[in-house]
$ cat query02.cif   # mmCIF, N, CA and C atoms
data_entry
loop_
_atom_site.label_atom_id
_atom_site.label_comp_id
_atom_site.auth_asym_id
_atom_site.auth_seq_id
_atom_site.Cartn_x
_atom_site.Cartn_y
_atom_site.Cartn_z
N MET O 1 0.85 -1.17 0.00
CA MET O 1 0.00 0.00 0.00
C MET O 1 0.89 1.24 0.00
N SER O 2 0.59 2.19 -0.83
CA SER O 2 1.39 3.41 -0.88
C SER O 2 0.90 4.38 0.18
N ARG O 3 1.84 5.19 0.65
CA ARG O 3 1.44 6.12 1.69
C ARG O 3 0.81 7.37 1.07
N ARG O 4 -0.07 7.97 1.84
CA ARG O 4 -0.76 9.17 1.41
C ARG O 4 0.22 10.31 1.31
N ARG O 5 0.08 11.12 0.28
CA ARG O 5 0.99 12.23 0.05
C ARG O 5 0.46 13.49 0.73
N SER O 6 1.40 14.30 1.22
CA SER O 6 1.04 15.57 1.84
C SER O 6 0.89 16.63 0.76
N SER O 7 0.06 17.62 1.03
CA SER O 7 -0.20 18.65 0.04
C SER O 7 -0.26 20.02 0.70
N LEU O 8 0.42 20.98 0.07
CA LEU O 8 0.39 22.36 0.55
C LEU O 8 -0.81 23.12 0.03
N GLY O 9 -1.52 22.58 -0.91
CA GLY O 9 -2.61 23.30 -1.55
C GLY O 9 -2.09 23.96 -2.82
N LEU O 10 -2.96 24.53 -3.58
CA LEU O 10 -2.56 25.16 -4.83
C LEU O 10 -3.31 26.46 -5.01
N PHE O 11 -2.59 27.57 -4.96
CA PHE O 11 -3.16 28.90 -5.17
C PHE O 11 -4.37 29.17 -4.26
N GLY O 12 -4.38 28.55 -3.11
CA GLY O 12 -5.49 28.76 -2.19
C GLY O 12 -6.77 28.07 -2.61
N MET O 13 -6.72 27.33 -3.73
CA MET O 13 -7.92 26.68 -4.23
C MET O 13 -8.16 25.33 -3.59
N PHE O 14 -7.09 24.62 -3.33
CA PHE O 14 -7.20 23.31 -2.73
C PHE O 14 -6.59 23.40 -1.34
N GLY O 15 -7.21 22.76 -0.39
CA GLY O 15 -6.74 22.86 0.99
C GLY O 15 -5.47 22.07 1.25
N ARG O 16 -4.83 22.41 2.33
CA ARG O 16 -3.65 21.69 2.77
C ARG O 16 -4.09 20.31 3.25
N SER O 17 -3.18 19.37 3.19
CA SER O 17 -3.51 18.02 3.61
C SER O 17 -3.69 17.98 5.13
N GLY O 18 -4.42 16.98 5.56
CA GLY O 18 -4.74 16.82 6.98
C GLY O 18 -3.52 16.68 7.86
N ASP O 19 -2.48 16.00 7.36
CA ASP O 19 -1.30 15.82 8.19
C ASP O 19 -0.60 17.15 8.47
N LEU O 20 -0.56 18.04 7.50
CA LEU O 20 0.05 19.36 7.72
C LEU O 20 -0.81 20.20 8.66
N ARG O 21 -2.12 20.08 8.56
CA ARG O 21 -2.99 20.81 9.50
C ARG O 21 -2.82 20.28 10.92
N GLN O 22 -2.68 18.96 11.05
CA GLN O 22 -2.46 18.37 12.37
C GLN O 22 -1.13 18.85 12.97
N LEU O 23 -0.11 18.90 12.14
CA LEU O 23 1.20 19.37 12.62
C LEU O 23 1.11 20.83 13.05
N ASP O 24 0.45 21.67 12.25
CA ASP O 24 0.28 23.07 12.62
C ASP O 24 -0.41 23.20 13.98
N GLN O 25 -1.44 22.42 14.18
CA GLN O 25 -2.18 22.46 15.45
C GLN O 25 -1.28 22.02 16.61
N ALA O 26 -0.51 20.97 16.41
CA ALA O 26 0.39 20.48 17.46
C ALA O 26 1.48 21.51 17.77
N LEU O 27 1.99 22.18 16.74
CA LEU O 27 3.00 23.22 16.98
C LEU O 27 2.41 24.35 17.81
N ARG O 28 1.16 24.70 17.54
CA ARG O 28 0.52 25.76 18.33
C ARG O 28 0.39 25.35 19.80
N VAL O 29 0.09 24.08 20.04
CA VAL O 29 -0.06 23.58 21.41
C VAL O 29 1.24 23.80 22.21
N VAL O 30 2.39 23.62 21.57
CA VAL O 30 3.67 23.81 22.27
C VAL O 30 4.19 25.24 22.11
N ASP O 31 3.34 26.14 21.61
CA ASP O 31 3.61 27.57 21.50
C ASP O 31 4.65 27.93 20.45
N VAL O 32 4.63 27.20 19.34
CA VAL O 32 5.43 27.56 18.18
C VAL O 32 4.44 27.91 17.07
N HIS O 33 4.45 29.15 16.64
CA HIS O 33 3.50 29.54 15.59
C HIS O 33 3.93 28.83 14.30
N PRO O 34 3.00 28.15 13.63
CA PRO O 34 3.33 27.41 12.42
C PRO O 34 3.97 28.25 11.32
N ALA O 35 3.68 29.54 11.30
CA ALA O 35 4.27 30.41 10.27
C ALA O 35 5.78 30.56 10.45
N LEU O 36 6.29 30.24 11.64
CA LEU O 36 7.73 30.33 11.89
C LEU O 36 8.50 29.14 11.32
N VAL O 37 7.75 28.10 10.93
CA VAL O 37 8.38 26.90 10.39
C VAL O 37 8.08 26.85 8.89
N PRO O 38 9.10 26.90 8.05
CA PRO O 38 8.86 26.86 6.60
C PRO O 38 8.10 25.60 6.18
N GLU O 39 7.30 25.76 5.15
CA GLU O 39 6.47 24.64 4.67
C GLU O 39 7.32 23.42 4.29
N GLY O 40 8.48 23.64 3.71
CA GLY O 40 9.34 22.52 3.36
C GLY O 40 9.80 21.74 4.57
N VAL O 41 10.04 22.43 5.67
CA VAL O 41 10.43 21.76 6.92
C VAL O 41 9.25 20.96 7.45
N LYS O 42 8.05 21.55 7.39
CA LYS O 42 6.86 20.82 7.86
C LYS O 42 6.61 19.58 7.00
N LEU O 43 6.79 19.69 5.70
CA LEU O 43 6.64 18.51 4.84
C LEU O 43 7.65 17.43 5.22
N THR O 44 8.87 17.85 5.52
CA THR O 44 9.89 16.89 5.92
C THR O 44 9.51 16.23 7.24
N ILE O 45 8.99 17.01 8.18
CA ILE O 45 8.57 16.46 9.47
C ILE O 45 7.51 15.37 9.26
N VAL O 46 6.46 15.68 8.51
CA VAL O 46 5.40 14.68 8.34
C VAL O 46 5.91 13.47 7.55
N ASN O 47 6.82 13.66 6.62
CA ASN O 47 7.38 12.52 5.90
C ASN O 47 8.25 11.66 6.81
N LEU O 48 9.02 12.29 7.71
CA LEU O 48 9.80 11.52 8.68
C LEU O 48 8.87 10.76 9.63
N MET O 49 7.77 11.39 10.01
CA MET O 49 6.80 10.70 10.85
C MET O 49 6.27 9.46 10.16
N LYS O 50 5.96 9.58 8.88
CA LYS O 50 5.43 8.45 8.12
C LYS O 50 6.49 7.36 7.97
N ASP O 51 7.76 7.77 7.83
CA ASP O 51 8.84 6.79 7.73
C ASP O 51 9.00 5.98 9.01
N HIS O 52 8.67 6.57 10.15
CA HIS O 52 8.84 5.90 11.44
C HIS O 52 7.54 5.30 11.96
N SER O 53 6.53 5.25 11.13
CA SER O 53 5.24 4.74 11.54
C SER O 53 4.78 3.65 10.58
N THR O 54 4.02 2.74 11.09
CA THR O 54 3.39 1.77 10.21
C THR O 54 2.02 2.33 9.87
N GLY O 55 1.81 2.66 8.63
CA GLY O 55 0.57 3.31 8.23
C GLY O 55 0.62 4.80 8.54
N GLU O 56 -0.54 5.40 8.66
CA GLU O 56 -0.62 6.82 8.98
C GLU O 56 -0.30 7.03 10.46
N PRO O 57 0.48 8.06 10.78
CA PRO O 57 0.78 8.32 12.20
C PRO O 57 -0.51 8.66 12.95
N PRO O 58 -0.64 8.17 14.19
CA PRO O 58 -1.82 8.51 14.99
C PRO O 58 -1.78 9.98 15.40
N LEU O 59 -2.91 10.52 15.78
CA LEU O 59 -3.01 11.94 16.13
C LEU O 59 -2.01 12.34 17.22
N GLU O 60 -1.83 11.50 18.22
CA GLU O 60 -0.93 11.85 19.32
C GLU O 60 0.54 11.93 18.88
N ALA O 61 0.86 11.32 17.75
CA ALA O 61 2.23 11.39 17.23
C ALA O 61 2.61 12.80 16.83
N TYR O 62 1.64 13.59 16.39
CA TYR O 62 1.92 14.97 15.98
C TYR O 62 2.36 15.81 17.17
N LEU O 63 1.70 15.64 18.31
CA LEU O 63 2.10 16.37 19.51
C LEU O 63 3.46 15.90 20.00
N HIS O 64 3.69 14.60 19.92
CA HIS O 64 4.97 14.03 20.35
C HIS O 64 6.12 14.66 19.55
N VAL O 65 5.96 14.76 18.25
CA VAL O 65 6.98 15.35 17.39
C VAL O 65 7.07 16.85 17.61
N ALA O 66 5.93 17.51 17.75
CA ALA O 66 5.93 18.97 17.96
C ALA O 66 6.64 19.34 19.25
N GLN O 67 6.56 18.49 20.27
CA GLN O 67 7.23 18.79 21.53
C GLN O 67 8.74 18.86 21.35
N ILE O 68 9.33 17.87 20.73
CA ILE O 68 10.79 17.89 20.59
C ILE O 68 11.22 18.96 19.59
N PHE O 69 10.49 19.10 18.50
CA PHE O 69 10.85 20.12 17.52
C PHE O 69 10.66 21.51 18.12
N GLY O 70 9.56 21.72 18.82
CA GLY O 70 9.29 23.01 19.46
C GLY O 70 10.34 23.35 20.50
N TYR O 71 10.75 22.36 21.28
CA TYR O 71 11.80 22.57 22.27
C TYR O 71 13.08 23.04 21.57
N CYS O 72 13.42 22.39 20.48
CA CYS O 72 14.62 22.78 19.73
C CYS O 72 14.52 24.22 19.23
N VAL O 73 13.34 24.63 18.81
CA VAL O 73 13.16 25.96 18.25
C VAL O 73 13.17 27.04 19.32
N VAL O 74 12.47 26.83 20.43
CA VAL O 74 12.31 27.91 21.41
C VAL O 74 13.27 27.84 22.59
N GLY O 75 13.85 26.68 22.86
CA GLY O 75 14.79 26.56 23.98
C GLY O 75 14.09 26.25 25.31
N ASP O 76 14.92 26.09 26.34
CA ASP O 76 14.46 25.65 27.67
C ASP O 76 13.40 26.54 28.30
N GLU O 77 13.75 27.80 28.48
CA GLU O 77 12.89 28.70 29.27
C GLU O 77 11.53 28.90 28.62
N ALA O 78 11.51 29.18 27.35
CA ALA O 78 10.23 29.41 26.67
C ALA O 78 9.39 28.13 26.65
N PHE O 79 10.03 26.99 26.43
CA PHE O 79 9.30 25.73 26.41
C PHE O 79 8.70 25.45 27.79
N GLU O 80 9.49 25.64 28.83
CA GLU O 80 9.01 25.37 30.18
C GLU O 80 7.88 26.32 30.57
N ARG O 81 7.98 27.57 30.20
CA ARG O 81 6.97 28.57 30.55
C ARG O 81 5.59 28.15 30.03
N VAL O 82 5.53 27.59 28.84
CA VAL O 82 4.25 27.23 28.24
C VAL O 82 3.84 25.80 28.58
N ASN O 83 4.80 24.89 28.60
CA ASN O 83 4.49 23.46 28.71
C ASN O 83 4.69 22.88 30.10
N GLY O 84 5.38 23.60 30.97
CA GLY O 84 5.58 23.14 32.34
C GLY O 84 6.89 22.39 32.52
N THR O 85 7.26 22.25 33.79
CA THR O 85 8.53 21.63 34.15
C THR O 85 8.57 20.15 33.80
N ASP O 86 7.48 19.44 34.02
CA ASP O 86 7.46 18.01 33.71
C ASP O 86 7.67 17.76 32.22
N ALA O 87 7.01 18.55 31.39
CA ALA O 87 7.18 18.40 29.94
C ALA O 87 8.60 18.76 29.52
N LEU O 88 9.17 19.78 30.16
CA LEU O 88 10.55 20.16 29.85
C LEU O 88 11.50 19.01 30.17
N HIS O 89 11.37 18.44 31.36
CA HIS O 89 12.26 17.34 31.74
C HIS O 89 12.08 16.13 30.82
N ALA O 90 10.84 15.86 30.44
CA ALA O 90 10.58 14.73 29.54
C ALA O 90 11.23 14.95 28.18
N VAL O 91 11.11 16.14 27.63
CA VAL O 91 11.70 16.40 26.32
C VAL O 91 13.23 16.45 26.40
N GLU O 92 13.77 16.92 27.50
CA GLU O 92 15.23 16.91 27.67
C GLU O 92 15.76 15.48 27.71
N ARG O 93 15.02 14.58 28.36
CA ARG O 93 15.42 13.16 28.37
C ARG O 93 15.38 12.59 26.95
N ARG O 94 14.38 13.00 26.19
CA ARG O 94 14.28 12.53 24.80
C ARG O 94 15.46 13.03 23.96
N VAL O 95 15.86 14.28 24.16
CA VAL O 95 17.01 14.82 23.43
C VAL O 95 18.27 14.05 23.80
N GLU O 96 18.49 13.81 25.07
CA GLU O 96 19.67 13.08 25.51
C GLU O 96 19.69 11.67 24.94
N ALA O 97 18.53 11.01 24.92
CA ALA O 97 18.44 9.66 24.35
C ALA O 97 18.70 9.71 22.84
N ALA O 98 18.20 10.73 22.18
CA ALA O 98 18.37 10.86 20.73
C ALA O 98 19.83 11.05 20.36
N LEU O 99 20.59 11.71 21.21
CA LEU O 99 22.00 11.92 20.92
C LEU O 99 22.77 10.60 20.88
N GLY O 100 22.23 9.59 21.53
CA GLY O 100 22.84 8.27 21.51
C GLY O 100 22.28 7.34 20.45
N ASP O 101 21.24 7.76 19.76
CA ASP O 101 20.58 6.93 18.75
C ASP O 101 20.25 7.78 17.53
N GLU O 102 21.23 7.96 16.68
CA GLU O 102 21.08 8.89 15.56
C GLU O 102 20.05 8.47 14.52
N ASP O 103 19.58 7.24 14.57
CA ASP O 103 18.57 6.78 13.62
C ASP O 103 17.14 6.97 14.14
N SER O 104 17.01 7.44 15.38
CA SER O 104 15.68 7.59 15.96
C SER O 104 14.94 8.77 15.34
N GLU O 105 13.64 8.74 15.46
CA GLU O 105 12.82 9.84 14.95
C GLU O 105 13.19 11.14 15.66
N ASP O 106 13.40 11.09 16.96
CA ASP O 106 13.77 12.29 17.71
C ASP O 106 15.09 12.87 17.21
N ALA O 107 16.07 12.00 16.97
CA ALA O 107 17.37 12.47 16.47
C ALA O 107 17.21 13.14 15.11
N GLN O 108 16.36 12.59 14.28
CA GLN O 108 16.15 13.17 12.96
C GLN O 108 15.43 14.51 13.05
N MET O 109 14.54 14.67 14.02
CA MET O 109 13.87 15.96 14.21
C MET O 109 14.86 17.02 14.70
N ILE O 110 15.75 16.63 15.59
CA ILE O 110 16.78 17.55 16.09
C ILE O 110 17.70 17.96 14.95
N LEU O 111 18.11 16.99 14.17
CA LEU O 111 18.99 17.27 13.03
C LEU O 111 18.30 18.16 12.01
N LEU O 112 17.02 17.93 11.79
CA LEU O 112 16.26 18.78 10.86
C LEU O 112 16.23 20.22 11.37
N ALA O 113 15.94 20.41 12.64
CA ALA O 113 15.92 21.76 13.21
C ALA O 113 17.29 22.42 13.08
N LEU O 114 18.34 21.64 13.26
CA LEU O 114 19.70 22.16 13.15
C LEU O 114 20.02 22.56 11.71
N HIS O 115 19.74 21.68 10.77
CA HIS O 115 20.04 21.96 9.36
C HIS O 115 19.16 23.07 8.78
N ALA O 116 17.93 23.19 9.29
CA ALA O 116 17.03 24.24 8.81
C ALA O 116 17.34 25.59 9.48
N ARG O 117 18.30 25.56 10.38
CA ARG O 117 18.72 26.77 11.12
C ARG O 117 17.56 27.37 11.92
N LEU O 118 16.75 26.48 12.46
CA LEU O 118 15.64 26.90 13.30
C LEU O 118 15.92 26.63 14.77
N ILE O 119 16.99 25.94 15.06
CA ILE O 119 17.28 25.51 16.42
C ILE O 119 17.80 26.67 17.25
N SER O 120 17.40 26.69 18.48
CA SER O 120 17.80 27.73 19.43
C SER O 120 19.29 27.61 19.74
N ALA O 121 19.96 28.75 19.82
CA ALA O 121 21.38 28.76 20.20
C ALA O 121 21.57 28.16 21.58
N GLU O 122 20.58 28.34 22.43
CA GLU O 122 20.61 27.78 23.78
C GLU O 122 20.68 26.25 23.74
N VAL O 123 19.89 25.65 22.86
CA VAL O 123 19.88 24.18 22.73
C VAL O 123 21.19 23.69 22.11
N ILE O 124 21.68 24.41 21.12
CA ILE O 124 22.97 24.05 20.49
C ILE O 124 24.07 24.02 21.53
N GLU O 125 24.12 25.07 22.34
CA GLU O 125 25.17 25.18 23.35
C GLU O 125 25.01 24.12 24.45
N LYS O 126 23.78 23.94 24.92
CA LYS O 126 23.52 23.00 26.01
C LYS O 126 23.96 21.58 25.68
N TYR O 127 23.72 21.16 24.43
CA TYR O 127 24.02 19.79 24.03
C TYR O 127 25.25 19.68 23.15
N GLY O 128 25.91 20.79 22.88
CA GLY O 128 27.13 20.76 22.05
C GLY O 128 26.85 20.26 20.64
N LEU O 129 25.76 20.71 20.06
CA LEU O 129 25.35 20.22 18.74
C LEU O 129 26.12 20.93 17.64
N SER O 130 26.36 20.20 16.57
CA SER O 130 26.92 20.77 15.36
C SER O 130 26.52 19.88 14.21
N ALA O 131 26.53 20.45 13.03
CA ALA O 131 26.17 19.66 11.85
C ALA O 131 27.32 19.79 10.85
N SER O 132 27.86 18.65 10.48
CA SER O 132 28.88 18.69 9.44
C SER O 132 28.22 18.36 8.11
N THR O 133 28.70 18.95 7.07
CA THR O 133 28.12 18.74 5.75
C THR O 133 29.05 17.91 4.88
N GLU O 134 29.84 17.07 5.49
CA GLU O 134 30.79 16.24 4.74
C GLU O 134 30.08 15.10 4.07
#

$ encode --input "query02.cif" --output "structure tokens"
Amino acid sequence: MSRRRSSLGLFGMFGRSGDLRQLDQALRVVDVHPALVPEGVKLTIVNLMKDHSTGEPPLEAYLHVAQIFGYCVVGDEAFERVNGTDALHAVERRVEAALGDEDSEDAQMILLALHARLISAEVIEKYGLSASTE
């Protein structure tokens, strides 16, 4: 079975695909305005989600991905202010685990934020992140 393709819409005539709308909603929940994330990055996020899922990702997967991506974008303090201390500690554990498993979905989301130059300088410094283009 082929996977469903994501769509940005065309000239405002056709709507965006459901997966991109779900991602936008999840980003808002973690206090990242969807307009701050380029459409190409959002398409990559949903495609990575599909790569790591059997079938269509469940609704809760969008929030799960938005949490780690949002943390990377806004950093510790802003993430904690909106999402709380427990969510901050949970996402920090996920980042630390991802640094040891570069093939994980979380690691790929962190790398995407880094390569898209959306990642917070605070997060780069905290975890000593860098991206080589070799």

$ atom_distance --input "query02.cif" --atom1 "atom CA of O:Ala61" --atom2 "atom N of O:Glu77"
23.0 Å

$ select_by_dssp --input "query02.cif" --residues "chain O" --states "alpha helix (DSSP H)" --output "ChimeraX atom specification"
/O:18-29,39-51,59-74,76-83,85-99,105-115,121-127

$ residues_around --input "query02.cif" --residues "O:Gly75" --least-positions-apart "5" --cutoff "8 Å" --atoms "only C-alpha atoms" --output "list of chain:residue names"
O:Gly70, O:Ser120, O:Ala121, O:Glu122, O:Val123

$ residues_around --input "query02.cif" --residues "stretch 95-98 of chain O" --least-positions-apart "6" --cutoff "6.5 Å" --atoms "only N, CA and C atoms" --output "count of residues only"
3

$ resolve_selection --input "query02.cif" --expression "the PyMOL selection byres (((chain O and resi 19-29 and name CA) around 7) and name CA)" --output "ChimeraX atom specification"
/O:6,16-18,30-34,42,46,62-63,66,70

$ write_last_selection --input "query02.cif" --atoms "N, CA and C atoms" --output "short mmCIF file (atom, residue, chain, number, x, y, z; two decimals), in the frame of the given file"
data_model
loop_
_atom_site.label_atom_id
_atom_site.label_comp_id
_atom_site.auth_asym_id
_atom_site.auth_seq_id
_atom_site.Cartn_x
_atom_site.Cartn_y
_atom_site.Cartn_z
N SER O 6 1.40 14.30 1.22
CA SER O 6 1.04 15.57 1.84
C SER O 6 0.89 16.63 0.76
N ARG O 16 -4.83 22.41 2.33
CA ARG O 16 -3.65 21.69 2.77
C ARG O 16 -4.09 20.31 3.25
N SER O 17 -3.18 19.37 3.19
CA SER O 17 -3.51 18.02 3.61
C SER O 17 -3.69 17.98 5.13
N GLY O 18 -4.42 16.98 5.56
CA GLY O 18 -4.74 16.82 6.98
C GLY O 18 -3.52 16.68 7.86
N VAL O 30 2.39 23.62 21.57
CA VAL O 30 3.67 23.81 22.27
C VAL O 30 4.19 25.24 22.11
N ASP O 31 3.34 26.14 21.61
CA ASP O 31 3.61 27.57 21.50
C ASP O 31 4.65 27.93 20.45
N VAL O 32 4.63 27.20 19.34
CA VAL O 32 5.43 27.56 18.18
C VAL O 32 4.44 27.91 17.07
N HIS O 33 4.45 29.15 16.64
CA HIS O 33 3.50 29.54 15.59
C HIS O 33 3.93 28.83 14.30
N PRO O 34 3.00 28.15 13.63
CA PRO O 34 3.33 27.41 12.42
C PRO O 34 3.97 28.25 11.32
N LYS O 42 8.05 21.55 7.39
CA LYS O 42 6.86 20.82 7.86
C LYS O 42 6.61 19.58 7.00
N VAL O 46 6.46 15.68 8.51
CA VAL O 46 5.40 14.68 8.34
C VAL O 46 5.91 13.47 7.55
N TYR O 62 1.64 13.59 16.39
CA TYR O 62 1.92 14.97 15.98
C TYR O 62 2.36 15.81 17.17
N LEU O 63 1.70 15.64 18.31
CA LEU O 63 2.10 16.37 19.51
C LEU O 63 3.46 15.90 20.00
N ALA O 66 5.93 17.51 17.75
CA ALA O 66 5.93 18.97 17.96
C ALA O 66 6.64 19.34 19.25
N GLY O 70 9.56 21.72 18.82
CA GLY O 70 9.29 23.01 19.46
C GLY O 70 10.34 23.35 20.50
#

$ residues_around --input "query02.cif" --residues "O:His115" --least-positions-apart "6" --cutoff "8 Å" --atoms "only N, CA and C atoms" --output "list in words"
Met109, Ser130 and Ala131 of chain O
